[in-house]
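Undergrad: Got a structure for you, questions after.
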Amino acid sequence: MVHKWEIHIPQLSPQLARIAYLCLPEGYGDDPERRYPVLYMFDGQNVFFDEDASFGTSWNMARYMQESGTPLIIAAVSCNTEGDNRLHEYSPFAHGTPSLGLIQGRGRTTMNWLVREFKPLIDSMARTLPGREDTLIAGSSMGGLMSLYAATAYNDVFSRAACLSPSLWVDPRKVHRMIRRAHIAPDTLIYMDYGGEEMGNHSQTLGALCATSRDLLLSGVDLTLRIVPGGTHSEASWAERVPTFMHCLGF
């Protein structure tokens, strides 16, 4: 069952009404004492339903959860799709690109809202297991970069992350510093992948992927790295990876 409601993030865009999603697992109402881990996901509009998705194709997580019976709560919020605002809100640091100019890097503001306001809201609405060991995060592209940011810079909150096709190329040096400066607990688990057909999308992708993997391994992260044969940079391709990353996250 997926609940939807309007929500605002005044720190980022006071006037913009976004859609929040809360997916409860099958059998949630059968045992009123049972509590569940929570997976937070970026780009909420693309997570559950094709009719909500930016390009008409979602990850179909609602169907996956129903068919798999995975004992997990999923919470997500739609992103700001106006202009380049998604890039600003989903970047942990400022950086410049030849085609887009300066990306402001408001990822810290985004994450602080998620951790300090959205997570407590979800913990109050549903029977969650609110501790770090039961709090996960996932996303793709810039959302994949944000998931990596969450698992490292906010490691006291998130113990597991799925980073699909993360936009490491935007500034590999800053990604390196982000990981090396983080205090990462030894039980941290990260799934990271890239589609075989998207490896050539940016010239820095391969080098950044290798360097980031090395940094994570040196930091003691339990890392699963996968190059997806035939994988593309698209919601349809990320949807196909759902069973794999969910298994790697322990579900």
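Every chain in the structure tokens takes a letter, A first, then B, and so on in the order presented; its residues are numbered from 1, and the ligands are numbered from 1 following the presented order.
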Write out as JSON, numbers by chain the residues lying within 8 Å of range 84-98 of chain A, counting only C-alpha atoms and excluding same-chain residues fewer than 3 positions away.

TA: {"A": [12, 79, 80, 81, 101, 102, 103, 104, 105, 106, 107, 108, 109, 110, 142, 143, 145, 146, 149, 170, 171, 174]}

Undergrad: Show me, as number ranges by chain, the residues that have an atom within 10 Å of range 220-232 of chain A when counting only C-alpha atoms, minus same-chain residues fewer than 3 positions from it.

TA: A: 151-152, 160-165, 184-199, 201, 209-210, 213-217, 235-238, 240-241, 244-245, 248-249

Undergrad: Write the residues of the preceding selection, restricted to N, CA and C atoms, as a compact mmCIF listing (two decimals), in the first residue's frame.

TA:
# COMPACT_ATOMS: atom_id res chain seq x y z
N ALA A 151 25.52 7.93 2.74
CA ALA A 151 26.14 6.78 3.40
C ALA A 151 27.51 7.11 3.98
N THR A 152 28.13 8.19 3.52
CA THR A 152 29.45 8.56 4.02
C THR A 152 29.37 9.74 4.98
N ARG A 160 23.31 1.48 5.15
CA ARG A 160 23.33 0.79 3.85
C ARG A 160 22.81 1.73 2.77
N ALA A 161 23.40 1.60 1.57
CA ALA A 161 23.00 2.47 0.47
C ALA A 161 23.12 1.74 -0.86
N ALA A 162 22.22 2.07 -1.77
CA ALA A 162 22.30 1.60 -3.16
C ALA A 162 22.51 2.82 -4.04
N CYS A 163 23.63 2.84 -4.75
CA CYS A 163 24.01 3.98 -5.59
C CYS A 163 24.04 3.51 -7.04
N LEU A 164 22.95 3.70 -7.74
CA LEU A 164 22.83 3.24 -9.13
C LEU A 164 23.30 4.34 -10.08
N SER A 165 24.24 4.00 -10.94
CA SER A 165 24.76 4.96 -11.94
C SER A 165 25.08 6.31 -11.31
N ILE A 184 33.37 6.56 8.74
CA ILE A 184 32.54 5.47 8.23
C ILE A 184 32.67 4.25 9.13
N ALA A 185 31.55 3.80 9.66
CA ALA A 185 31.54 2.64 10.55
C ALA A 185 31.85 1.37 9.75
N PRO A 186 32.49 0.38 10.39
CA PRO A 186 32.92 -0.82 9.67
C PRO A 186 31.79 -1.71 9.16
N ASP A 187 30.56 -1.49 9.62
CA ASP A 187 29.45 -2.32 9.14
C ASP A 187 28.71 -1.68 7.97
N THR A 188 29.27 -0.62 7.40
CA THR A 188 28.61 0.08 6.29
C THR A 188 28.62 -0.77 5.03
N LEU A 189 27.47 -0.86 4.39
CA LEU A 189 27.32 -1.66 3.17
C LEU A 189 26.84 -0.76 2.03
N ILE A 190 27.52 -0.81 0.91
CA ILE A 190 27.15 0.00 -0.25
C ILE A 190 27.12 -0.88 -1.50
N TYR A 191 26.01 -0.77 -2.23
CA TYR A 191 25.90 -1.36 -3.57
C TYR A 191 26.06 -0.21 -4.56
N MET A 192 26.97 -0.38 -5.52
CA MET A 192 27.19 0.65 -6.53
C MET A 192 27.29 -0.02 -7.89
N ASP A 193 26.61 0.54 -8.88
CA ASP A 193 26.68 -0.07 -10.21
C ASP A 193 26.75 0.98 -11.30
N TYR A 194 26.98 0.50 -12.51
CA TYR A 194 26.95 1.32 -13.71
C TYR A 194 26.55 0.44 -14.87
N GLY A 195 25.74 0.97 -15.76
CA GLY A 195 25.34 0.22 -16.95
C GLY A 195 26.46 0.15 -17.96
N GLY A 196 26.64 -1.02 -18.57
CA GLY A 196 27.70 -1.17 -19.56
C GLY A 196 27.57 -0.22 -20.73
N GLU A 197 26.34 0.13 -21.09
CA GLU A 197 26.11 1.02 -22.23
C GLU A 197 26.23 2.50 -21.87
N GLU A 198 26.39 2.81 -20.59
CA GLU A 198 26.50 4.22 -20.20
C GLU A 198 27.91 4.57 -19.75
N MET A 199 28.82 3.61 -19.77
CA MET A 199 30.18 3.88 -19.30
C MET A 199 30.85 4.98 -20.11
N ASN A 201 29.34 7.59 -21.45
CA ASN A 201 28.57 8.84 -21.48
C ASN A 201 29.41 10.05 -21.07
N LEU A 209 34.86 5.91 -11.21
CA LEU A 209 34.29 4.70 -10.63
C LEU A 209 35.36 3.85 -9.96
N CYS A 210 36.50 3.70 -10.62
CA CYS A 210 37.60 2.92 -10.04
C CYS A 210 38.15 3.61 -8.78
N SER A 213 35.60 3.40 -5.88
CA SER A 213 35.57 2.04 -5.32
C SER A 213 36.77 1.80 -4.42
N ARG A 214 37.93 2.24 -4.86
CA ARG A 214 39.14 2.08 -4.05
C ARG A 214 39.01 2.85 -2.74
N ASP A 215 38.52 4.08 -2.81
CA ASP A 215 38.35 4.88 -1.59
C ASP A 215 37.41 4.20 -0.61
N LEU A 216 36.31 3.65 -1.12
CA LEU A 216 35.34 2.99 -0.24
C LEU A 216 35.93 1.74 0.40
N LEU A 217 36.67 0.96 -0.40
CA LEU A 217 37.27 -0.25 0.14
C LEU A 217 38.33 0.08 1.19
N GLU A 235 15.35 4.99 -16.37
CA GLU A 235 14.52 4.41 -15.32
C GLU A 235 14.23 2.94 -15.61
N ALA A 236 14.03 2.61 -16.89
CA ALA A 236 13.73 1.22 -17.24
C ALA A 236 14.88 0.30 -16.87
N SER A 237 16.10 0.76 -17.09
CA SER A 237 17.27 -0.05 -16.74
C SER A 237 17.43 -0.15 -15.24
N TRP A 238 17.22 0.95 -14.54
CA TRP A 238 17.33 0.90 -13.08
C TRP A 238 16.25 0.01 -12.47
N GLU A 240 15.15 -2.71 -13.71
CA GLU A 240 15.59 -4.09 -13.87
C GLU A 240 16.61 -4.49 -12.80
N ARG A 241 17.27 -3.50 -12.21
CA ARG A 241 18.30 -3.78 -11.21
C ARG A 241 17.75 -3.89 -9.79
N THR A 244 18.38 -7.09 -7.74
CA THR A 244 19.81 -7.26 -7.41
C THR A 244 20.23 -6.36 -6.26
N PHE A 245 19.90 -5.07 -6.34
CA PHE A 245 20.37 -4.19 -5.27
C PHE A 245 19.62 -4.45 -3.97
N CYS A 248 21.40 -7.27 -2.38
CA CYS A 248 22.69 -6.83 -1.82
C CYS A 248 22.52 -6.01 -0.55
N LEU A 249 21.38 -5.33 -0.43
CA LEU A 249 21.10 -4.57 0.79
C LEU A 249 20.57 -5.44 1.92

Undergrad: Tell me, as a PyMOL selection string, which residues lie within 6 Å of range 24-27 of chain A, counting only C-alpha atoms; anything in the same chain fewer than 2 positions away does not count.

TA: chain A and resi 1+29-30+69+71-73

Undergrad: For the residues in the current selection, export all heavy atoms as a PDB file, in the first residue's frame.

TA:
ATOM      1  N   MET A   1       0.843  -1.194   0.000  1.00  0.00           N
ATOM      2  CA  MET A   1       0.000   0.000   0.000  1.00  0.00           C
ATOM      3  C   MET A   1       0.880   1.247   0.000  1.00  0.00           C
ATOM      4  O   MET A   1       1.808   1.354   0.808  1.00  0.00           O
ATOM      5  CB  MET A   1      -0.919   0.007   1.225  1.00  0.00           C
ATOM      6  CG  MET A   1      -1.807   1.235   1.335  1.00  0.00           C
ATOM      7  SD  MET A   1      -2.769   1.265   2.854  1.00  0.00           S
ATOM      8  CE  MET A   1      -3.771  -0.217   2.650  1.00  0.00           C
ATOM      9  N   GLY A  29      -0.645  -4.558   8.463  1.00  0.00           N
ATOM     10  CA  GLY A  29      -1.729  -4.456   9.435  1.00  0.00           C
ATOM     11  C   GLY A  29      -1.989  -5.724  10.219  1.00  0.00           C
ATOM     12  O   GLY A  29      -2.803  -5.721  11.151  1.00  0.00           O
ATOM     13  N   ASP A  30      -1.291  -6.809   9.888  1.00  0.00           N
ATOM     14  CA  ASP A  30      -1.568  -8.087  10.551  1.00  0.00           C
ATOM     15  C   ASP A  30      -1.005  -8.164  11.955  1.00  0.00           C
ATOM     16  O   ASP A  30      -1.573  -8.829  12.827  1.00  0.00           O
ATOM     17  CB  ASP A  30      -1.003  -9.249   9.716  1.00  0.00           C
ATOM     18  CG  ASP A  30      -1.673  -9.357   8.356  1.00  0.00           C
ATOM     19  OD1 ASP A  30      -2.775  -8.785   8.195  1.00  0.00           O
ATOM     20  OD2 ASP A  30      -1.088  -9.987   7.462  1.00  0.00           O
ATOM     21  N   GLY A  69       6.900  -9.462  -1.131  1.00  0.00           N
ATOM     22  CA  GLY A  69       6.606  -9.517   0.294  1.00  0.00           C
ATOM     23  C   GLY A  69       7.768  -9.065   1.157  1.00  0.00           C
ATOM     24  O   GLY A  69       7.905  -9.506   2.307  1.00  0.00           O
ATOM     25  N   PRO A  71       9.871  -7.332   3.795  1.00  0.00           N
ATOM     26  CA  PRO A  71       9.491  -6.676   5.053  1.00  0.00           C
ATOM     27  C   PRO A  71      10.227  -5.360   5.252  1.00  0.00           C
ATOM     28  O   PRO A  71      11.164  -5.249   6.044  1.00  0.00           O
ATOM     29  CB  PRO A  71       9.889  -7.712   6.106  1.00  0.00           C
ATOM     30  CG  PRO A  71      11.062  -8.424   5.505  1.00  0.00           C
ATOM     31  CD  PRO A  71      10.793  -8.474   4.019  1.00  0.00           C
ATOM     32  N   LEU A  72       9.803  -4.350   4.531  1.00  0.00           N
ATOM     33  CA  LEU A  72      10.511  -3.082   4.493  1.00  0.00           C
ATOM     34  C   LEU A  72       9.529  -1.964   4.189  1.00  0.00           C
ATOM     35  O   LEU A  72       8.612  -2.133   3.385  1.00  0.00           O
ATOM     36  CB  LEU A  72      11.583  -3.146   3.386  1.00  0.00           C
ATOM     37  CG  LEU A  72      12.452  -1.918   3.126  1.00  0.00           C
ATOM     38  CD1 LEU A  72      13.453  -1.714   4.250  1.00  0.00           C
ATOM     39  CD2 LEU A  72      13.178  -2.070   1.788  1.00  0.00           C
ATOM     40  N   ILE A  73       9.728  -0.808   4.832  1.00  0.00           N
ATOM     41  CA  ILE A  73       8.988   0.408   4.511  1.00  0.00           C
ATOM     42  C   ILE A  73       9.838   1.233   3.547  1.00  0.00           C
ATOM     43  O   ILE A  73      11.063   1.321   3.702  1.00  0.00           O
ATOM     44  CB  ILE A  73       8.689   1.219   5.789  1.00  0.00           C
ATOM     45  CG1 ILE A  73       7.694   0.459   6.681  1.00  0.00           C
ATOM     46  CG2 ILE A  73       8.158   2.603   5.463  1.00  0.00           C
ATOM     47  CD1 ILE A  73       7.539   1.063   8.062  1.00  0.00           C
TER      48      ILE A  73
END

Undergrad: Running DSSP on the backbone, which parts of range 16-134 of chain A land in strand (DSSP E or B), as a ChimeraX atom specification?

TA: /A:16-23,36,38-41,73-77,95-97,101-103,128

Undergrad: Just to confirm, what's the straight-line distance from CA of Tyr154 in chain A to CA of Val115 in chain A in Å (one decimal)?

TA: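 Computing the Euclidean distance for CA of Tyr154 in chain A and CA of Val115 in chain A yields 8.7 Å.
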
Undergrad: Which one is closest to His247 in chain A: A:Pro32, A:Gln11, A:Thr70, A:Gly56? Count only C-alpha atoms.

TA: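 Checking each of A:Pro32, A:Gln11, A:Thr70, A:Gly56 against His247 in chain A, counting only C-alpha atoms, the winner is A:Thr70.
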
Undergrad: Which of range 61-232 of chain A end up as alpha helix (DSSP H) when DSSP is run on this backbone - answer as JSON, numbers by chain?

TA: {"A": [61, 62, 63, 64, 65, 66, 67, 68, 85, 86, 87, 88, 89, 107, 108, 109, 110, 111, 112, 113, 119, 120, 121, 122, 123, 124, 125, 142, 143, 144, 145, 146, 147, 148, 149, 150, 151, 152, 153, 172, 173, 174, 175, 176, 177, 178, 179, 180, 181, 205, 206, 207, 208, 209, 210, 211, 212, 213, 214, 215, 216, 217, 218]}

Undergrad: Once you have the residues from the selection above, write them out as a CSV table (one decimal), in the first residue's frame, restricted to C-alpha atoms.

TA:
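Final output, saved to again_13.csv:
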chain,number,residue,atom,x,y,z
A,61,MET,CA,8.7,-0.6,-6.5
A,62,ALA,CA,5.1,-0.9,-5.4
A,63,ARG,CA,4.6,-3.9,-7.5
A,64,TYR,CA,7.9,-5.4,-6.5
A,65,MET,CA,7.2,-4.9,-2.8
A,66,GLN,CA,3.7,-6.5,-3.2
A,67,GLU,CA,5.0,-9.5,-5.2
A,68,SER,CA,8.2,-10.1,-3.1
A,85,ASN,CA,16.9,22.7,-9.7
A,86,ARG,CA,17.2,18.9,-9.4
A,87,LEU,CA,20.9,19.2,-10.1
A,88,HIS,CA,21.3,21.9,-7.5
A,89,GLU,CA,19.4,20.0,-4.8
A,107,GLY,CA,22.8,18.6,-1.3
A,108,ARG,CA,23.7,19.3,2.4
A,109,THR,CA,20.5,21.3,2.7
A,110,THR,CA,18.5,18.5,1.1
A,111,MET,CA,20.1,15.9,3.4
A,112,ASN,CA,19.6,18.0,6.5
A,113,TRP,CA,15.9,18.3,5.7
A,119,LYS,CA,12.8,10.9,8.7
A,120,PRO,CA,11.2,12.0,12.1
A,121,LEU,CA,7.9,12.4,10.2
A,122,ILE,CA,8.1,8.9,8.8
A,123,ASP,CA,9.1,7.5,12.2
A,124,SER,CA,6.0,9.1,13.7
A,125,MET,CA,3.7,7.9,10.9
A,142,MET,CA,22.5,12.5,-9.2
A,143,GLY,CA,20.3,10.6,-6.7
A,144,GLY,CA,23.0,7.9,-6.7
A,145,LEU,CA,25.6,10.5,-5.9
A,146,MET,CA,23.4,11.7,-3.1
A,147,SER,CA,23.0,8.2,-1.7
A,148,LEU,CA,26.8,7.9,-1.6
A,149,TYR,CA,26.9,11.2,0.2
A,150,ALA,CA,24.3,10.0,2.7
A,151,ALA,CA,26.1,6.8,3.4
A,152,THR,CA,29.4,8.6,4.0
A,153,ALA,CA,28.8,12.1,5.3
A,172,PRO,CA,35.9,13.1,-8.8
A,173,ARG,CA,38.3,15.0,-6.6
A,174,LYS,CA,35.5,16.3,-4.4
A,175,VAL,CA,34.0,12.8,-4.2
A,176,HIS,CA,37.4,11.5,-3.1
A,177,ARG,CA,37.6,14.1,-0.3
A,178,MET,CA,34.0,13.5,0.7
A,179,ILE,CA,34.8,9.8,1.3
A,180,ARG,CA,38.2,10.2,2.9
A,181,ARG,CA,37.0,12.8,5.3
A,205,THR,CA,33.3,7.9,-15.5
A,206,LEU,CA,35.6,4.9,-15.6
A,207,GLY,CA,38.4,6.6,-13.7
A,208,ALA,CA,36.0,8.1,-11.1
A,209,LEU,CA,34.3,4.7,-10.6
A,210,CYS,CA,37.6,2.9,-10.0
A,211,ALA,CA,38.9,5.7,-7.7
A,212,THR,CA,35.7,5.8,-5.7
A,213,SER,CA,35.6,2.0,-5.3
A,214,ARG,CA,39.1,2.1,-4.1
A,215,ASP,CA,38.4,4.9,-1.6
A,216,LEU,CA,35.3,3.0,-0.2
A,217,LEU,CA,37.3,-0.3,0.1
A,218,LEU,CA,40.1,1.5,1.9

Undergrad: When you count only C-alpha atoms, which of these residues is closest to Ala138 in chain A: A:Asn155, A:Asp43, A:Ser234, A:Glu117?

TA: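 Of A:Asn155, A:Asp43, A:Ser234, A:Glu117, the one nearest Ala138 in chain A, counting only C-alpha atoms, is A:Asp43.
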
Undergrad: So, counting only C-alpha atoms, which residue among A:Pro166, A:Thr135, A:Tyr21, A:Leu129 is closest to Glu33 in chain A?

TA: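 Closest residue, counting only C-alpha atoms: A:Leu129.
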
Undergrad: Taking into account only C-alpha atoms, which residue in the set A:Leu39, A:Ile19, A:Ile137, A:Val47 is nearest to Ala75 in chain A?

TA: A:Leu39

Undergrad: How many Å separate CA of Ala239 in chain A from CA of Phe251 in chain A?

TA: 15.9 Å

Undergrad: Residues within 12 Å of Gln15 in chain A, please, as a list in words. Count only C-alpha atoms; anything in the same chain fewer than 5 positions from it doesn't count.

TA: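 Neighbouring residues, sequence-local ones excluded: Glu6, Ile7, His8, Ile9, Pro10 and Asn80 of chain A.
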
Undergrad: Hey, can you spit out that residue selection with C-alpha atoms as a CSV table (one decimal), in the first residue's frame?

TA:
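Output (again_34.csv):
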chain,number,residue,atom,x,y,z
A,6,GLU,CA,1.7,17.0,-0.6
A,7,ILE,CA,4.8,18.2,1.3
A,8,HIS,CA,7.0,21.3,1.2
A,9,ILE,CA,10.7,21.8,1.7
A,10,PRO,CA,10.9,25.5,2.6
A,80,ASN,CA,12.2,19.6,-8.1

Undergrad: Grab the CA of Val38 in chain A to CA of Ala126 in chain A distance for me, in Å with one decimal place.

TA: 9.8 Å
